[in-house]
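K.L.:
As input, take data_30.txt (compact mmCIF, C-alpha atoms and all ligand atoms):
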# COMPACT_ATOMS: atom_id res chain seq x y z
CA MET D 177 153.56 108.29 166.74
CA PRO D 178 156.66 110.49 166.59
CA ARG D 179 157.63 111.93 169.92
CA PRO D 180 156.99 115.68 170.18
CA LEU D 181 160.16 117.76 170.33
CA GLY D 182 161.21 119.11 173.68
CA ILE D 183 159.83 116.33 175.83
CA MET D 184 162.15 115.15 178.62
CA THR D 185 162.96 111.55 177.77
CA ALA D 186 164.57 109.11 180.19
CA ILE D 187 167.83 109.41 178.28
CA VAL D 188 167.80 113.18 178.49
CA SER D 189 167.10 113.22 182.21
CA ASN D 190 169.71 110.49 182.80
CA LEU D 191 172.23 112.60 180.91
CA GLN D 192 171.43 115.60 183.09
CA ALA D 193 171.87 113.48 186.22
CA VAL D 194 175.24 112.23 184.97
CA HIS D 195 176.38 115.78 184.19
CA HIS D 196 175.34 116.80 187.67
CA ALA D 197 177.25 113.90 189.25
CA ILE D 198 180.33 114.80 187.19
CA MET D 199 180.11 118.39 188.47
CA GLN D 200 179.91 117.17 192.05
CA ALA D 201 182.79 114.73 191.69
CA ALA D 202 184.89 117.41 189.99
CA GLN D 203 184.12 119.87 192.76
CA ALA D 204 185.08 117.32 195.43
CA ALA D 205 188.34 116.70 193.57
CA GLU D 206 188.91 120.44 193.04
CA ARG D 207 189.01 119.90 189.31
CA ASP D 208 187.55 121.84 186.41
CA PRO D 209 184.66 119.73 185.02
CA ALA D 210 185.58 121.02 181.54
CA GLY D 211 188.59 118.69 181.72
CA ILE D 212 186.35 115.62 181.90
CA MET D 213 184.87 114.28 178.66
CA LEU D 214 181.67 112.28 178.92
CA LEU D 215 181.77 109.40 176.47
CA ALA D 216 178.27 107.94 176.06
CA VAL D 217 178.57 104.17 175.59
CA SER D 218 175.69 103.23 173.30
CA LYS D 219 176.46 99.55 172.62
CA THR D 220 173.33 97.39 172.21
CA PHE D 221 171.10 100.50 172.03
CA PRO D 222 169.51 101.60 168.75
CA ALA D 223 170.44 104.63 166.66
CA SER D 224 167.28 106.34 167.96
CA ALA D 225 168.73 106.30 171.50
CA ILE D 226 171.87 108.00 170.20
CA GLN D 227 169.73 110.60 168.44
CA GLU D 228 167.98 111.41 171.71
CA ALA D 229 171.26 111.95 173.50
CA TYR D 230 172.57 113.93 170.53
CA ALA D 231 169.55 116.23 170.62
CA ALA D 232 170.47 116.96 174.25
CA GLY D 233 173.98 117.99 173.19
CA GLN D 234 175.96 114.75 173.55
CA ARG D 235 178.56 114.36 170.76
CA GLU D 236 181.03 111.63 171.83
CA PHE D 237 179.75 108.06 171.56
CA GLY D 238 181.48 104.76 172.31
CA GLU D 239 180.74 101.40 170.68
CA ASN D 240 182.14 97.90 171.36
CA TYR D 241 180.92 95.73 168.51
CA LEU D 242 182.16 96.62 165.06
CA GLN D 243 179.25 95.59 162.84
CA GLU D 244 176.67 97.12 165.15
CA ALA D 245 178.74 100.29 165.29
CA LEU D 246 179.12 100.53 161.50
CA ASP D 247 175.36 100.22 161.04
CA LYS D 248 174.82 103.14 163.42
CA ILE D 249 177.61 105.21 161.87
CA VAL D 250 175.92 104.87 158.47
CA ALA D 251 172.45 105.57 159.85
CA LEU D 252 173.66 108.68 161.70
CA ARG D 253 176.19 109.99 159.18
CA ASP D 254 174.49 113.39 158.97
CA LEU D 255 175.13 114.07 162.67
CA GLU D 256 178.42 115.48 163.95
CA ILE D 257 179.24 112.53 166.14
CA VAL D 258 182.74 111.65 167.32
CA TRP D 259 182.94 107.84 167.38
CA HIS D 260 185.14 105.94 169.84
CA PHE D 261 185.84 102.24 169.47
CA ILE D 262 186.09 100.77 172.99
CA GLY D 263 185.71 97.02 172.43
CA PRO D 264 188.27 94.24 172.05
CA ILE D 265 190.05 94.47 168.67
CA GLN D 266 190.66 91.49 166.40
CA SER D 267 193.26 91.99 163.71
CA ASN D 268 190.81 91.35 160.87
CA LYS D 269 188.73 94.32 162.12
CA THR D 270 191.45 96.96 162.20
CA ARG D 271 190.82 98.38 158.73
CA ALA D 272 187.16 99.22 159.37
CA ILE D 273 188.08 100.65 162.76
CA ALA D 274 190.86 102.80 161.28
CA GLU D 275 188.49 104.09 158.60
CA ASN D 276 185.45 104.86 160.71
CA PHE D 277 186.47 105.98 164.18
CA THR D 278 188.24 109.00 165.68
CA TRP D 279 189.41 107.28 168.87
CA VAL D 280 190.36 103.74 169.81
CA HIS D 281 190.52 102.84 173.49
CA GLY D 282 191.78 99.44 174.46
CA VAL D 283 194.83 98.88 172.25
CA GLU D 284 196.98 96.27 173.99
CA ARG D 285 199.25 94.86 171.27
CA LEU D 286 201.86 96.49 169.05
CA LYS D 287 200.70 94.44 166.06
CA ILE D 288 197.20 95.90 166.33
CA ALA D 289 198.60 99.41 166.64
CA GLN D 290 200.78 98.90 163.56
CA ARG D 291 197.81 97.73 161.51
CA LEU D 292 195.68 100.65 162.66
CA SER D 293 198.43 103.06 161.65
CA GLU D 294 198.98 101.44 158.24
CA GLN D 295 195.25 101.31 157.54
CA ARG D 296 194.34 104.80 158.72
CA PRO D 297 193.41 106.65 155.52
CA PRO D 298 196.01 109.35 154.81
CA HIS D 299 193.39 112.08 154.30
CA LEU D 300 192.20 111.66 157.90
CA PRO D 301 193.99 113.03 160.96
CA PRO D 302 195.90 110.46 163.03
CA LEU D 303 193.75 108.06 165.04
CA ASN D 304 193.67 108.89 168.77
CA ILE D 305 194.85 105.93 170.81
CA CYS D 306 194.58 104.84 174.43
CA LEU D 307 196.55 101.79 175.55
CA GLN D 308 194.71 99.41 177.84
CA VAL D 309 196.44 98.51 181.08
CA ASN D 310 195.61 95.64 183.38
CA VAL D 311 195.83 97.61 186.61
CA SER D 312 194.10 95.35 189.07
CA GLY D 313 195.44 92.03 187.85
CA GLU D 314 191.81 91.58 187.04
CA GLU D 315 189.71 88.56 186.26
CA SER D 316 189.40 89.82 182.68
CA LYS D 317 192.75 89.19 181.07
CA SER D 318 192.46 92.37 179.04
CA GLY D 319 195.23 94.90 179.03
CA VAL D 320 198.98 95.03 179.14
CA ALA D 321 200.84 94.42 182.39
CA PRO D 322 201.97 97.74 183.89
CA GLN D 323 205.65 96.78 183.68
CA GLU D 324 205.35 96.29 179.90
CA MET D 325 203.53 99.54 179.30
CA VAL D 326 206.43 101.96 178.91
CA ASN D 327 207.93 99.87 176.10
CA LEU D 328 204.62 99.49 174.30
CA ALA D 329 203.95 103.24 174.60
CA ARG D 330 207.38 104.02 173.16
CA GLU D 331 206.72 101.85 170.08
CA VAL D 332 203.16 103.06 169.53
CA ALA D 333 204.25 106.70 169.82
CA LYS D 334 206.46 106.19 166.74
CA LEU D 335 203.62 105.12 164.44
CA PRO D 336 202.88 107.90 161.96
CA GLN D 337 199.10 107.64 161.62
CA LEU D 338 198.42 107.22 165.33
CA LEU D 339 198.38 109.82 168.08
CA LEU D 340 199.09 108.22 171.43
CA ARG D 341 196.79 110.09 173.83
CA GLY D 342 196.90 108.06 177.02
CA LEU D 343 195.90 105.02 178.99
CA MET D 344 192.66 103.16 179.58
CA ALA D 345 191.61 100.60 182.19
CA ILE D 346 188.60 98.63 183.36
CA PRO D 347 189.36 97.80 187.00
CA ALA D 348 187.47 95.15 188.93
CA PRO D 349 184.59 96.54 190.99
CA ALA D 350 185.41 97.27 194.64
CA GLU D 351 183.31 97.44 197.80
CA ASP D 352 184.09 101.01 198.78
CA GLU D 353 185.34 104.19 197.15
CA ALA D 354 188.78 104.14 198.81
CA THR D 355 189.52 100.68 197.40
CA GLN D 356 187.98 101.61 194.06
CA ARG D 357 190.36 104.53 193.75
CA GLN D 358 193.52 102.41 193.99
CA PRO D 359 193.63 101.01 190.44
CA PHE D 360 192.73 104.44 189.06
CA ALA D 361 195.60 105.95 191.03
CA ARG D 362 197.87 103.26 189.64
CA LEU D 363 196.85 104.19 186.10
CA ARG D 364 197.57 107.86 186.79
CA GLU D 365 201.01 107.02 188.21
CA LEU D 366 201.80 104.86 185.22
CA SER D 367 200.82 107.70 182.92
CA GLN D 368 203.19 109.98 184.83
CA GLU D 369 206.00 107.43 184.44
CA ILE D 370 205.44 107.38 180.70
CA ALA D 371 205.34 111.17 180.58
CA ALA D 372 208.68 111.20 182.42
CA GLN D 373 210.10 109.23 179.48
CA GLY D 374 209.23 112.12 177.21
CA MET D 375 205.84 111.06 175.85
CA ALA D 376 203.22 113.74 176.32
CA LEU D 377 200.01 111.94 177.32
CA ASP D 378 196.89 113.98 178.04
CA THR D 379 194.23 111.28 178.52
CA LEU D 380 193.16 108.90 181.27
CA SER D 381 190.16 106.93 179.99
CA MET D 382 188.79 105.45 183.19
CA GLY D 383 185.51 105.24 185.07
CA MET D 384 182.18 103.66 184.12
CA SER D 385 178.64 103.99 185.50
CA HIS D 386 179.44 102.41 188.87
CA ASP D 387 182.84 103.94 189.56
CA PHE D 388 183.24 107.22 187.70
CA ALA D 389 183.29 109.37 190.85
CA ALA D 390 186.35 107.45 192.08
CA ALA D 391 187.95 107.77 188.64
CA ILE D 392 187.38 111.53 188.60
CA GLN D 393 189.03 111.76 192.02
CA GLU D 394 192.13 110.17 190.49
CA GLY D 395 192.25 112.32 187.38
CA ALA D 396 190.04 110.71 184.73
CA THR D 397 189.79 112.87 181.60
CA ILE D 398 187.37 110.57 179.75
CA ILE D 399 184.69 108.62 181.57
CA ARG D 400 182.86 105.93 179.60
CA ILE D 401 179.23 105.76 180.72
CA GLY D 402 176.60 103.41 179.33
CA THR D 403 174.05 102.13 181.85
CA ALA D 404 173.63 105.43 183.71
CA ILE D 405 172.61 107.12 180.44
CA PHE D 406 170.82 104.48 178.37
CA GLY D 407 169.65 102.05 181.06
CA LYS D 408 170.42 98.38 181.67
CA ARG D 409 171.58 96.25 178.77
CA ASP D 410 170.05 92.82 178.10
C1 LIG E 1 180.23 98.69 178.26
C2 LIG E 1 181.45 99.47 178.56
C3 LIG E 1 181.40 100.68 179.29
C4 LIG E 1 180.13 101.23 179.90
O1 LIG E 1 179.79 100.50 181.04
P1 LIG E 1 178.56 100.93 182.00
O2 LIG E 1 178.83 100.15 183.23
O3 LIG E 1 177.32 100.53 181.31
O4 LIG E 1 178.68 102.39 182.21
C5 LIG E 1 182.57 101.38 179.46
N1 LIG E 1 183.75 100.93 178.98
C6 LIG E 1 183.85 99.79 178.28
C7 LIG E 1 185.17 99.36 177.76
C8 LIG E 1 182.71 99.02 178.07
O5 LIG E 1 182.82 97.86 177.40
As structure tokens, how would this structure be written, given the file I've shared?
P.N.:
Amino acid sequence: MPRPLGIMTAIVSNLQAVHHAIMQAAQAAERDPAGIMLLAVSKTFPASAIQEAYAAGQREFGENYLQEALDKIVALRDLEIVWHFIGPIQSNKTRAIAENFTWVHGVERLKIAQRLSEQRPPHLPPLNICLQVNVSGEESKSGVAPQEMVNLAREVAKLPQLLLRGLMAIPAPAEDEATQRQPFARLRELSQEIAAQGMALDTLSMGMSHDFAAAIQEGATIIRIGTAIFGKRD
């Protein structure tokens, strides 16, 4: 039976709780919550889950797996969704990413950036890019070493069909908030170093369900939240 309109689903109430937590974290950091974009990470969840969040006003959605994402993009093409690709990028996937997304978080190689720029259709605005940094020397080998970041940023900023917006990181989980803030602070400092070289970055994509309050304390402008909105993934 179709669900009657207006009922408060789990996704809708989770979204409200996340908005509330963002407000509180912003207040504690003396920041304007309007400067924090909530990216709803819908990987592994069906298009119907995205529709529920959309009906509650959510517009930015993040996906990790290309084929799954493309299926949802087709199914939901009548909605005004802004799609972000946040997964690892293989070079044979760049064309579909360049054609179907508005943002790509997690670029960590110049070659990938060059392909995305070449393959971005000319009738579309430049693809928004965040470069992934390995800020906590983490277990996951993803991301560029901080000392290599300024050079990568300089090269990516030259690519015509890309717009370098900022940096992204997925730090290792920490025991307490003070420790959790350190890699986020490192990302912010790195972004300031790059800005000092004349590249105007406006985005720090950092913070997930378990650590977004710490990320907001350190200046996150996009937080990528999956579990806290859609529930646990299998
Ligand atoms: C899955 C994923 C998220 C969301 O993680 P949650 O812990 O479910 O909030 C955020 N960022 C990236 C890059 C992810 O892969």
K.L.:
Name the closest residue to D:Leu286 among the candidates D:Arg362, D:Lys334, D:Arg409, D:Lys317; distances are taken between atoms, counting all atoms listed in the file.
P.N.:
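Of D:Arg362, D:Lys334, D:Arg409, D:Lys317, the one nearest D:Leu286, counting all atoms listed in the file, is D:Lys334.
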K.L.:
Can you tell me, as a VMD selection string, what residues are no more than 12 Å from D:Gln243 when counting all atoms listed in the file, ignoring any on the same chain fewer than 3 positions away?
P.N.:
chain D and resid 219 to 220 239 to 240 246 to 250 261 263 269 272 to 273 276
K.L.:
Dump the neighbourhood of ligand LIG 1 (chain E) as a list in words: all residues within 6 Å, distances computed on all atoms listed in the file.
P.N.:
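Sorted by chain and then by number, the residues are Val217, Ile262, Gly263, Met384, Ser385, Arg400, Ile401, Gly402 and Thr403 of chain D.
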K.L.:
Residues within 12 Å of D:Gln200, please, as a list in words. Count only C-alpha atoms; anything in the same chain fewer than 4 positions from it doesn't count.
P.N.:
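Close residues of D:Gln200: Ala193, Val194, His195, His196, Ala204, Ala205, Glu206, Arg207, Asp208, Pro209, Phe388, Ala389, Ala390, Ile392 and Gln393 of chain D.
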K.L.:
When distances are computed from only C-alpha atoms, which of D:Gln203, D:Ser293, D:Gln356, D:Ser218 shows the smallest separation from D:Ile405?
P.N.:
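Closest residue, counting only C-alpha atoms: D:Ser218.
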K.L.:
What are the nearest atom pairs, with distances in Å to one decimal, for all residues of stretch 239-297 of chain D that come at most 12 Å from stretch 320-327 of chain D, using all atoms listed in the file, set out by chain and rising residue number as CSV?
P.N.:
residue,atom,partner,partner_atom,distance
D:Gly282,CA,D:Val320,CA,9.7
D:Val283,CA,D:Val320,CA,8.9
D:Glu284,CA,D:Val320,CA,5.7
D:Arg285,CA,D:Val320,CA,7.9
D:Leu286,CA,D:Asn327,CA,9.9
K.L.:
For D:Ile399, which residue among D:Phe221, D:Phe277, D:Tyr230, D:Phe237 is the nearest when counting all atoms listed in the file?
P.N.:
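Checking each candidate against D:Ile399, we get D:Phe237 as the closest.
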K.L.:
Using all atoms listed in the file, pick whichever of D:Ala345, D:Gln234, D:Leu340, D:Leu307 has the shortest atom-to-atom distance to D:Ala376.
P.N.:
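Nearest candidate to D:Ala376 out of D:Ala345, D:Gln234, D:Leu340, D:Leu307: D:Leu340.
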K.L.:
Excluding D:Ala371 and its own-chain neighbours fewer than 4 positions away, which residues fall within 12 Å of it when counting only C-alpha atoms? Please give them as a list of chain:residue names.
P.N.:
D:Met325, D:Val326, D:Ala329, D:Arg330, D:Ala333, D:Leu340, D:Arg341, D:Gly342, D:Leu343, D:Arg364, D:Glu365, D:Leu366, D:Ser367, D:Met375, D:Ala376, D:Leu377, D:Asp378, D:Thr379
K.L.:
Looking at all atoms listed in the file, which of D:Ser381, D:Gln227, D:Thr397, D:Thr355 is the one that sits closest to D:His281?
P.N.:
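Of the candidates, the smallest distance to D:His281 is held by D:Ser381.
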K.L.:
Box time for stretch 342-353 of chain D: axis-aligned, enclosing all its listed atoms, 4 Å extra on each side; report centre and edge lengths in Å to one decimal, as lines of an AutoDock Vina configuration file.
P.N.:
center_x = 190.1
center_y = 101.6
center_z = 187.9
size_x = 21.6
size_y = 20.9
size_z = 29.8
K.L.:
Quote the spacing between atom CA of D:Ala274 and atom CA of D:Pro301 in Å to one decimal place.
P.N.:
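Taking atom CA of D:Ala274 and atom CA of D:Pro301, their separation equals 10.7 Å.
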K.L.:
Export N, CA and C atoms of stretch 204-249 of chain D from the structure just given, as an mmCIF file, in the first residue's frame?
P.N.:
data_model
loop_
_atom_site.group_PDB
_atom_site.id
_atom_site.type_symbol
_atom_site.label_atom_id
_atom_site.label_comp_id
_atom_site.auth_asym_id
_atom_site.auth_seq_id
_atom_site.Cartn_x
_atom_site.Cartn_y
_atom_site.Cartn_z
ATOM 1 N N ALA D 204 27.769 26.083 18.873
ATOM 2 C CA ALA D 204 28.928 25.894 19.758
ATOM 3 C C ALA D 204 30.190 26.445 19.098
ATOM 4 N N ALA D 205 30.249 26.376 17.775
ATOM 5 C CA ALA D 205 31.435 26.857 17.054
ATOM 6 C C ALA D 205 31.289 28.328 16.652
ATOM 7 N N GLU D 206 30.178 28.933 17.040
ATOM 8 C CA GLU D 206 29.869 30.313 16.648
ATOM 9 C C GLU D 206 29.941 30.477 15.134
ATOM 10 N N ARG D 207 29.304 29.541 14.462
ATOM 11 C CA ARG D 207 29.236 29.605 13.003
ATOM 12 C C ARG D 207 27.790 29.706 12.554
ATOM 13 N N ASP D 208 27.611 30.263 11.335
ATOM 14 C CA ASP D 208 26.286 30.318 10.732
ATOM 15 C C ASP D 208 25.980 28.943 10.113
ATOM 16 N N PRO D 209 24.923 28.272 10.575
ATOM 17 C CA PRO D 209 24.616 26.940 10.026
ATOM 18 C C PRO D 209 24.353 26.972 8.517
ATOM 19 N N ALA D 210 24.021 28.136 7.976
ATOM 20 C CA ALA D 210 23.797 28.233 6.530
ATOM 21 C C ALA D 210 25.079 27.951 5.744
ATOM 22 N N GLY D 211 26.218 28.043 6.399
ATOM 23 C CA GLY D 211 27.492 27.755 5.731
ATOM 24 C C GLY D 211 27.876 26.282 5.762
ATOM 25 N N ILE D 212 26.960 25.437 6.210
ATOM 26 C CA ILE D 212 27.251 23.998 6.291
ATOM 27 C C ILE D 212 26.242 23.241 5.432
ATOM 28 N N MET D 213 26.731 22.624 4.362
ATOM 29 C CA MET D 213 25.852 21.855 3.483
ATOM 30 C C MET D 213 25.754 20.414 3.983
ATOM 31 N N LEU D 214 24.510 19.945 4.091
ATOM 32 C CA LEU D 214 24.299 18.543 4.454
ATOM 33 C C LEU D 214 24.213 17.715 3.177
ATOM 34 N N LEU D 215 25.192 16.840 3.005
ATOM 35 C CA LEU D 215 25.188 15.913 1.872
ATOM 36 C C LEU D 215 24.675 14.566 2.392
ATOM 37 N N ALA D 216 23.536 14.135 1.874
ATOM 38 C CA ALA D 216 22.940 12.870 2.319
ATOM 39 C C ALA D 216 23.561 11.726 1.516
ATOM 40 N N VAL D 217 24.255 10.834 2.202
ATOM 41 C CA VAL D 217 24.962 9.735 1.527
ATOM 42 C C VAL D 217 24.027 8.526 1.447
ATOM 43 N N SER D 218 23.551 8.274 0.225
ATOM 44 C CA SER D 218 22.467 7.301 0.034
ATOM 45 C C SER D 218 22.945 5.959 -0.518
ATOM 46 N N LYS D 219 24.249 5.725 -0.540
ATOM 47 C CA LYS D 219 24.777 4.465 -1.083
ATOM 48 C C LYS D 219 24.120 3.268 -0.404
ATOM 49 N N THR D 220 23.829 2.263 -1.173
ATOM 50 C CA THR D 220 23.187 1.001 -0.779
ATOM 51 C C THR D 220 21.682 1.141 -0.481
ATOM 52 N N PHE D 221 21.174 2.373 -0.396
ATOM 53 C CA PHE D 221 19.740 2.538 -0.145
ATOM 54 C C PHE D 221 19.000 2.793 -1.461
ATOM 55 N N PRO D 222 17.739 2.338 -1.534
ATOM 56 C CA PRO D 222 17.009 2.427 -2.802
ATOM 57 C C PRO D 222 16.570 3.857 -3.141
ATOM 58 N N ALA D 223 16.185 4.037 -4.391
ATOM 59 C CA ALA D 223 15.689 5.337 -4.846
ATOM 60 C C ALA D 223 14.532 5.823 -3.980
ATOM 61 N N SER D 224 13.726 4.900 -3.457
ATOM 62 C CA SER D 224 12.575 5.325 -2.636
ATOM 63 C C SER D 224 13.033 6.032 -1.365
ATOM 64 N N ALA D 225 14.199 5.632 -0.826
ATOM 65 C CA ALA D 225 14.726 6.297 0.371
ATOM 66 C C ALA D 225 15.140 7.732 0.033
ATOM 67 N N ILE D 226 15.713 7.896 -1.154
ATOM 68 C CA ILE D 226 16.099 9.242 -1.598
ATOM 69 C C ILE D 226 14.851 10.100 -1.781
ATOM 70 N N GLN D 227 13.810 9.508 -2.351
ATOM 71 C CA GLN D 227 12.561 10.258 -2.538
ATOM 72 C C GLN D 227 11.983 10.745 -1.212
ATOM 73 N N GLU D 228 12.085 9.907 -0.193
ATOM 74 C CA GLU D 228 11.583 10.330 1.131
ATOM 75 C C GLU D 228 12.346 11.532 1.643
ATOM 76 N N ALA D 229 13.667 11.463 1.532
ATOM 77 C CA ALA D 229 14.480 12.585 2.008
ATOM 78 C C ALA D 229 14.218 13.829 1.158
ATOM 79 N N TYR D 230 14.029 13.604 -0.135
ATOM 80 C CA TYR D 230 13.766 14.718 -1.061
ATOM 81 C C TYR D 230 12.455 15.415 -0.698
ATOM 82 N N ALA D 231 11.454 14.608 -0.372
ATOM 83 C CA ALA D 231 10.153 15.185 -0.006
ATOM 84 C C ALA D 231 10.276 16.039 1.248
ATOM 85 N N ALA D 232 11.279 15.761 2.074
ATOM 86 C CA ALA D 232 11.504 16.559 3.286
ATOM 87 C C ALA D 232 12.450 17.728 3.006
ATOM 88 N N GLY D 233 12.806 17.945 1.748
ATOM 89 C CA GLY D 233 13.582 19.129 1.396
ATOM 90 C C GLY D 233 15.046 18.880 1.080
ATOM 91 N N GLN D 234 15.525 17.655 1.261
ATOM 92 C CA GLN D 234 16.942 17.364 0.988
ATOM 93 C C GLN D 234 17.197 17.375 -0.525
ATOM 94 N N ARG D 235 18.258 18.041 -0.967
ATOM 95 C CA ARG D 235 18.538 18.126 -2.410
ATOM 96 C C ARG D 235 19.905 17.559 -2.811
ATOM 97 N N GLU D 236 20.872 17.549 -1.902
ATOM 98 C CA GLU D 236 22.225 17.094 -2.231
ATOM 99 C C GLU D 236 22.372 15.646 -1.774
ATOM 100 N N PHE D 237 22.745 14.777 -2.722
ATOM 101 C CA PHE D 237 22.908 13.361 -2.400
ATOM 102 C C PHE D 237 24.264 12.867 -2.878
ATOM 103 N N GLY D 238 24.877 11.993 -2.050
ATOM 104 C CA GLY D 238 26.188 11.448 -2.364
ATOM 105 C C GLY D 238 26.119 9.949 -2.584
ATOM 106 N N GLU D 239 26.817 9.493 -3.624
ATOM 107 C CA GLU D 239 26.848 8.066 -3.959
ATOM 108 C C GLU D 239 28.295 7.619 -4.158
ATOM 109 N N ASN D 240 28.572 6.351 -3.828
ATOM 110 C CA ASN D 240 29.941 5.805 -3.921
ATOM 111 C C ASN D 240 30.167 4.865 -5.092
ATOM 112 N N TYR D 241 29.107 4.174 -5.506
ATOM 113 C CA TYR D 241 29.286 3.098 -6.483
ATOM 114 C C TYR D 241 28.620 3.518 -7.772
ATOM 115 N N LEU D 242 29.410 3.563 -8.855
ATOM 116 C CA LEU D 242 28.936 4.219 -10.068
ATOM 117 C C LEU D 242 27.665 3.600 -10.634
ATOM 118 N N GLN D 243 27.646 2.273 -10.834
ATOM 119 C CA GLN D 243 26.482 1.691 -11.502
ATOM 120 C C GLN D 243 25.215 1.879 -10.677
ATOM 121 N N GLU D 244 25.350 1.669 -9.376
ATOM 122 C CA GLU D 244 24.204 1.891 -8.484
ATOM 123 C C GLU D 244 23.731 3.346 -8.582
ATOM 124 N N ALA D 245 24.680 4.254 -8.612
ATOM 125 C CA ALA D 245 24.337 5.674 -8.687
ATOM 126 C C ALA D 245 23.618 5.997 -9.993
ATOM 127 N N LEU D 246 24.133 5.457 -11.111
ATOM 128 C CA LEU D 246 23.524 5.776 -12.413
ATOM 129 C C LEU D 246 22.085 5.273 -12.474
ATOM 130 N N ASP D 247 21.845 4.092 -11.895
ATOM 131 C CA ASP D 247 20.469 3.576 -11.868
ATOM 132 C C ASP D 247 19.533 4.546 -11.131
ATOM 133 N N LYS D 248 20.021 5.085 -10.013
ATOM 134 C CA LYS D 248 19.175 6.007 -9.238
ATOM 135 C C LYS D 248 19.014 7.338 -9.964
ATOM 136 N N ILE D 249 20.095 7.786 -10.608
ATOM 137 C CA ILE D 249 20.017 9.068 -11.330
ATOM 138 C C ILE D 249 18.954 8.976 -12.433
#
